[in-house]
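Visitor: Once you've had a glance at the structure underneath, I'll fire off some questions.
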Number of protein chains: 2
Amino acid sequence: MGTGQWMQGVSVIGFALLLCAAGANAQEQPRLHLMPWPASLQTGSGSLRIDSSFSVALTGHTEARLDRAVQRFLRQLSRQTAIPPSAAKASAKPTLTVHTDHASKEVQELGEDESYTLSITADGANIEAPTPLGAMHGLQTFLQLVDVTPDGFTAPAISIQDKPRFAWRGLMIDVARHFIPLDVLKRNLDGLEAVKMNVFHWHLSENQGFRVESKKFPKLHTLGSDGLYYTQDEIRDLIAYARDRGIRVVPEFDMPGHSTAWFVGHPELASGPGPYEIERKWGVFDPAMDPTNEKTYKFLTYKFLDELVGEMTRLFPDHYFHIGGDEVNGKQWDANSKIQDFKKSHNLATNEALQAYFSERIQKIVTKHGKAVVGWDEVFIPGVPKDIVIQSWRGQESLAKAAALGYHGILSNGYYLDLGWPAARHYAVDPTSGPAATLTPEQQKLILGGESCMWTEYVNAENIDSRIWPRNAAIAERLWSAQSVTDIHSMYARLHAVSAQLEWLGLTHRTYYPQMLRRTAGPSASPDELSALRTLADVVEPVKDYTREATAPAEPTSATPLNRVVDAVSLESDVARRFGELVDAFVSSSCRDVGAAAKLRTQLSAWRDNDARLQPLMQRSFLVKEIAATSQDLSSLAAVGLAALDFAAKGGAAPEDWKAQQLAVIGQVEKPKSQLLVMPAPGIQRLVEAVAAGGSCAASK
Amino acid sequence: MGTGQWMQGVSVIGFALLLCAAGANAQEQPRLHLMPWPASLQTGSGSLRIDSSFSVALTGHTEARLDRAVQRFLRQLSRQTAIPPSAAKASAKPTLTVHTDHASKEVQELGEDESYTLSITADGANIEAPTPLGAMHGLQTFLQLVDVTPDGFTAPAISIQDKPRFAWRGLMIDVARHFIPLDVLKRNLDGLEAVKMNVFHWHLSENQGFRVESKKFPKLHTLGSDGLYYTQDEIRDLIAYARDRGIRVVPEFDMPGHSTAWFVGHPELASGPGPYEIERKWGVFDPAMDPTNEKTYKFLTYKFLDELVGEMTRLFPDHYFHIGGDEVNGKQWDANSKIQDFKKSHNLATNEALQAYFSERIQKIVTKHGKAVVGWDEVFIPGVPKDIVIQSWRGQESLAKAAALGYHGILSNGYYLDLGWPAARHYAVDPTSGPAATLTPEQQKLILGGESCMWTEYVNAENIDSRIWPRNAAIAERLWSAQSVTDIHSMYARLHAVSAQLEWLGLTHRTYYPQMLRRTAGPSASPDELSALRTLADVVEPVKDYTREATAPAEPTSATPLNRVVDAVSLESDVARRFGELVDAFVSSSCRDVGAAAKLRTQLSAWRDNDARLQPLMQRSFLVKEIAATSQDLSSLAAVGLAALDFAAKGGAAPEDWKAQQLAVIGQVEKPKSQLLVMPAPGIQRLVEAVAAGGSCAASK
């Protein structure tokens, strides 16, 4: 997997993109929509035709899972091409041969061999892999190579040798703040398989819900979930579904905080007096388990947890068991005199020390049941047994610190999908960069990988796919591909293609959007009105990070409808990103690129006129009315851009006071309204600054 | 249900549309998106707010089906509004009370009382119905009334008294030419419920497949279906699903023609020597059952059919059993000397007489099993017992003729969804118009209703929803609403709203389209390229009626991929329809409406320039390349339109030779290429003719 080889691959992509931009001969080079980018590839000449005679043969080690993977592959191939699966029997010579050497572990383990090779010629294709895990990855790579060409559907001649950089490549989904039904999880597992992620971290308990059926302690789910929980049969079904796709399932039971929903049925576990209700709001709350009540209550905490962990470790076969451990504010502990006494008598000076005591006890329970602990970085206490995995969410420092002390870790800081970052920002976060860059190679090996995280305060079954995809594919690439694969333009081009392909898996990350906008506009909205709404919605994004809570018009709860424009729009505006690229192209031409100027003018005119087009809908729908100020902002912003283009056309520098006025307008626009950001603002600011700098506008960039 | 009352309702709609067109105060009148339009309604003042406290109470007769209907209603209400179902218990005062007098029949019967009343005030809503059938219709009407307003989601104050005009309102789906999976059928049943259709006619057997598991004669489905059939459990499940939605399921076993797939496992049933294979092509084929082999073969035809019909009538509880009977070409009968002998010895002069003999025998078998026969109009023989229902597909004449002789009938001629007609054309077909208009009122009562038909030569699971919806809603209205409800503008406005609403049921009639276009373009197509493809695709339609077969580039079969542009585009172009309306508005202003002229110019310029935009994709994708001529046609056509606008702007008549030239261009464009029609052509022809007529251009309309 030499660096030179995949760089060769990257440059092929770059070349194809250049050709495409120039509009010439783009079809002569195969476009490779691979994501994650393989460890090594060499392109060949010619291509393999995909038609109804396509067939697959399995050789070497076989198992039912591989048969199912091939069936799934053929269904997906048929969806991508609309070529019906052949009704005829398999031909003598298969189109694709998949050779697998031996079985993988019965329960998928961290660090199993996932490598594979894939070679395609005009005559056929071969996948070879040590285990089914690699074979399945190879099938996904093949699917990404299928493209429409002048000669029909084909896959280009290519030779790929591939394996992951990190062994732990996961997605966490919080199913507690908003319940996410099983079928939605399943299609997201399909998405994980497509981008070669291998861990589904299932955040199953929270203040807002305990989502697992417990046969030992049924009050946990019957009283703690509003009836929205997974039965143990459903969980076994999902685990089997994940295993079929080479994905481990790591359950999380968040303790001792984030556990109000447990206390509805079991108030005796809490550190403060009950009764408790399922939490409906968002944030960090006071209730926490009482780490000290070993002898006080009828249900002894540790016996309870021992039995629950026992039940759940039997239900979830993975070697790792996530105990949460984050965000205990200590208020209930401080208010409980018995706990204070316990701290004194056990020399636990701080609440952190008390939590460390709790974590240690839990870790022993988990270990006793044959599993290893994963926990958020709060649980890391130097000196604990080494089979713990630290999930770093507050910063990359804790990851580096743990590794320096010989502990395993995975990175989630920088991969929080709910914060609304652009894919490029997640893509720039590397588990072994930043504080981890100075670790020794041996220490760096302790960094197992990372996990993207989908917290669901503002996410439900309807919009979750769009909050995960396509951006998660960029994180998947970061965790699979070489550290030096960092070209943003190539990433976005491939992300665009992967996003289209993910649709064939049934992910709704694109289809939900026009439908949600139509709900916003009402069934009687005309096509022109909908188009005006879409023009605006296409260039706004929800406020970032944790600003949504801070700017909420009313305190949001789990009963708050997610039907506003902010719930519908993409977390990353493609239109705004491309507009910014066009501004940069114009500015770097010293404002002389007439074609770019014309395109900018067309776009800006449409935005300027859009507020007027949107007026009728605003008068009819409270959901559209809410974004009236944002709509005005887009028009104002576009007027600024058009004025800048007028100056650029005249030549010469724009007056300083004009520039100041325009920047003031942009400054006003950049203040979020109705929790939305108008994303073309920075691009227009660059345009204004360049124009103000006059003929040498490129210099101002 | 006085005519005056619903006319009042129609005029409200018309009024709202006018207001909307004028862009003023449109929100002051409630827009009623009801389809089918109720028998009678009166609007009130105020509206009922829909929020998370919404609750439903059932009174009077209750049954589990009604509980499920309410749960389904609440789920759908929650989808439409994104207001989560309340986690709290039902409040003391329900928002909506549904009162049902008594049970409906255990097996739903033709002509049961489906009436209901619905009243909504600001304080609450009431549905009253004699039976669950009416109650469920009332719930659907309520869902159609929910709209987004300046004050949130509301339903307007209204009083509705409603019942259907016809008792038999059905949709037929052919699941044999392309197999349609159960989940696709189910979501279409949801659609039928939404538009109050009450019959699902399941066309289960064909030359191309026998789609039902037969335990008596398993070779029928094992050898006759490529493994694509419904198990009896699945069928019972679908029937229960339909009953839950007030829908009867009428199975069709097409005999004695259209039955090649039966003969794969049972060649002894055929009139010609075997062996037989499942037919892969489309059309009318020679194989037909042998009506004469009663004593010749081991499996006696009638004993076979007796046992099969016995099995199937036990499986399908509906009173009606469809025996097909269409399109027997008689060639196998002519070629079989034994059959010729039989005809002579039985005084059967023609093959029609032989088929009549067969039909009579089958009818006796069906009757023996306690059911009544439905058949395509070929089976109608004056003198047969009166409990037969004639399904008229070849013309309305057979329906009228049968009624004149005292026979029941349903109309499908004019309701063939696969022929690609615009909704307005289907909408204009009335079961009691045309030849039936001269029947006596007593005779007209024999006309039970009608069925839309979805034949699936060019339809599969991916695009079937788009081939049925939204146009089927217009047919549903024709069969439910008063004969005088005929306003096309109102129909299209409501169809647009209903179409949006059907999406919340999971129908994919809109979402499939961008996805299929993306397949056509390939995953690497840029947004601008996709936009160019969509601009073209939005204004073309597949060739109509049976032209597709005649113009096919290669003989189509069931293995032909349905991945071409012709498979993706809508059967009725909304964009072209609205363009035509704009042309008419311009022309009727004597070409003086400057605003309309500007809009036309914008649209035409985009079309003129689109061919150039589409070039890069044409070079890359064989599926886009296929429509190169159509793309050129749209540009040429737009240039003609722009030239006409130039003349109109100058004033005075355009020269005759110019007109002739333009009409020649339009004539060329109107010749279909790649099986596509360029739909703006007639509008542009009207524009050219008006402009050529000069200042008085309105006169030429």
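Labels for the structure tokens follow display order: chains A, B, ..., residues from 1 in each chain, ligands from 1.
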With only C-alpha atoms considered, list every residue of chain B at most 8 Å from chain A, as a PyMOL selection string.

Guide: chain B and resi 23+26-27+31+33+52+80-84+86-87+147-152+226+493-494+496-498+500-501+503+511+515+518-525+559-563+616+619-623+625

Visitor: Could you give me, as a PyMOL selection string, the residues within 7 Å of Gln444 (chain A), counting only C-alpha atoms and dropping anything in the same chain fewer than 4 positions from it?

Guide: chain A and resi 403+432+439-440

Visitor: Could you write out that same residue set with N, CA and C atoms as a short mmCIF file (atom, residue, chain, number, x, y, z; two decimals), in the first residue's frame?

Guide:
data_model
loop_
_atom_site.label_atom_id
_atom_site.label_comp_id
_atom_site.auth_asym_id
_atom_site.auth_seq_id
_atom_site.Cartn_x
_atom_site.Cartn_y
_atom_site.Cartn_z
N ALA A 403 -3.04 7.36 25.58
CA ALA A 403 -2.09 6.56 24.79
C ALA A 403 -0.69 6.67 25.38
N THR A 432 -4.54 10.62 14.78
CA THR A 432 -3.13 10.68 15.20
C THR A 432 -2.50 12.03 14.91
N LEU A 439 3.18 11.47 19.76
CA LEU A 439 3.33 10.16 20.39
C LEU A 439 4.34 9.32 19.62
N THR A 440 4.92 8.33 20.29
CA THR A 440 5.79 7.39 19.59
C THR A 440 4.92 6.50 18.70
#

Visitor: Can you work out which one of B:Ile666, B:Met289, B:Ala648, B:Ala461 has the shortest atom-to-atom distance to Leu182 (chain B), counting only C-alpha atoms?

Guide: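 For Leu182 (chain B), the nearest of the given residues is B:Ala461.
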
Visitor: Can you pull out the residues contacting region 598-611 of chain B? Cut-off 6 Å, using only C-alpha atoms, and skip same-chain residues under 6 positions away; I want them as a VMD selection string.

Guide: chain B and resid 532 631 to 632 635 638 to 639

Visitor: Take the residues just selected and output them with all heavy atoms as a CSV table (one decimal), in the first residue's frame.

Guide:
chain,number,residue,atom,x,y,z
B,532,ALA,N,-29.8,20.3,-16.1
B,532,ALA,CA,-30.1,20.3,-17.6
B,532,ALA,C,-30.9,19.1,-17.9
B,532,ALA,O,-31.9,19.2,-18.7
B,532,ALA,CB,-28.8,20.4,-18.3
B,631,SER,N,-33.5,16.4,-27.2
B,631,SER,CA,-32.9,17.6,-26.6
B,631,SER,C,-32.8,18.7,-27.6
B,631,SER,O,-33.1,19.9,-27.3
B,631,SER,CB,-31.5,17.3,-26.0
B,631,SER,OG,-30.9,18.4,-25.5
B,632,GLN,N,-32.3,18.3,-28.8
B,632,GLN,CA,-32.3,19.3,-29.9
B,632,GLN,C,-33.6,19.8,-30.2
B,632,GLN,O,-33.8,21.0,-30.5
B,632,GLN,CB,-31.6,18.6,-31.1
B,632,GLN,CG,-30.1,18.7,-31.2
B,632,GLN,CD,-29.6,18.3,-32.6
B,632,GLN,OE1,-30.2,17.3,-33.1
B,632,GLN,NE2,-28.6,19.0,-33.1
B,635,SER,N,-34.8,22.5,-28.0
B,635,SER,CA,-34.1,23.8,-28.3
B,635,SER,C,-34.7,24.5,-29.5
B,635,SER,O,-34.9,25.7,-29.5
B,635,SER,CB,-32.6,23.6,-28.4
B,635,SER,OG,-32.0,23.3,-27.2
B,638,ALA,N,-38.1,25.9,-28.7
B,638,ALA,CA,-38.0,27.1,-27.9
B,638,ALA,C,-37.6,28.3,-28.8
B,638,ALA,O,-38.1,29.4,-28.6
B,638,ALA,CB,-37.0,26.9,-26.8
B,639,ALA,N,-36.7,28.0,-29.8
B,639,ALA,CA,-36.3,29.1,-30.7
B,639,ALA,C,-37.5,29.6,-31.5
B,639,ALA,O,-37.7,30.8,-31.7
B,639,ALA,CB,-35.2,28.6,-31.6

Visitor: Could you state the separation of CA of Ser484 (chain B) and CA of Gly414 (chain B) in Å, given to one decimal place?

Guide: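 According to the coordinates, CA of Ser484 (chain B) and CA of Gly414 (chain B) are separated by 18.0 Å.
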
Visitor: Mind dumping a table of every region 370-481 of chain A residue within 9 Å of region 314-319 of chain A, with the nearest atom pair and its distance in Å to one decimal, using only C-alpha atoms, sorted by chain and rising number, as JSON lines?

Guide:
{"residue": "A:Gly370", "atom": "CA", "partner": "A:His319", "partner_atom": "CA", "distance": 7.6}
{"residue": "A:Lys371", "atom": "CA", "partner": "A:His319", "partner_atom": "CA", "distance": 5.0}
{"residue": "A:Ala372", "atom": "CA", "partner": "A:His319", "partner_atom": "CA", "distance": 6.1}
{"residue": "A:Val373", "atom": "CA", "partner": "A:His319", "partner_atom": "CA", "distance": 8.6}

Visitor: To one decimal in Å, tell me the separation between CA of Val284 (chain B) and CA of Glu327 (chain B).

Guide: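 It comes out at 6.8 Å.
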
Visitor: So that I can check the surroundings of Glu581 (chain A), please list as a ChimeraX atom specification every protein, DNA and RNA residue that reaches within 12 Å of it, counting only C-alpha atoms and ignoring chain neighbours fewer than 4 positions away.

Guide: /A:489,574-577,585-588,596,599-600,680,682-684,686-687

Visitor: Which of region 323-508 of chain B counts as alpha helix (DSSP H) under DSSP, as a ChimeraX atom specification please?

Guide: /B:331-334,337-345,351-368,397-404,423-427,441-444,464-468,471-480,488-503

Visitor: Among region 359-596 of chain B, which residues carry a DSSP assignment of strand (DSSP E or B), reported as a list of chain:residue names?

Guide: B:Ala372, B:Val373, B:Val374, B:Gly375, B:Trp376, B:Val389, B:Ile390, B:Gln391, B:Ser392, B:His408, B:Gly409, B:Ile410, B:Leu411, B:Tyr416, B:Ile447, B:Leu448, B:Gly449, B:Gly450, B:Glu451, B:Ser452, B:Cys453, B:Met454, B:Val540, B:Glu541, B:Pro542, B:Thr557
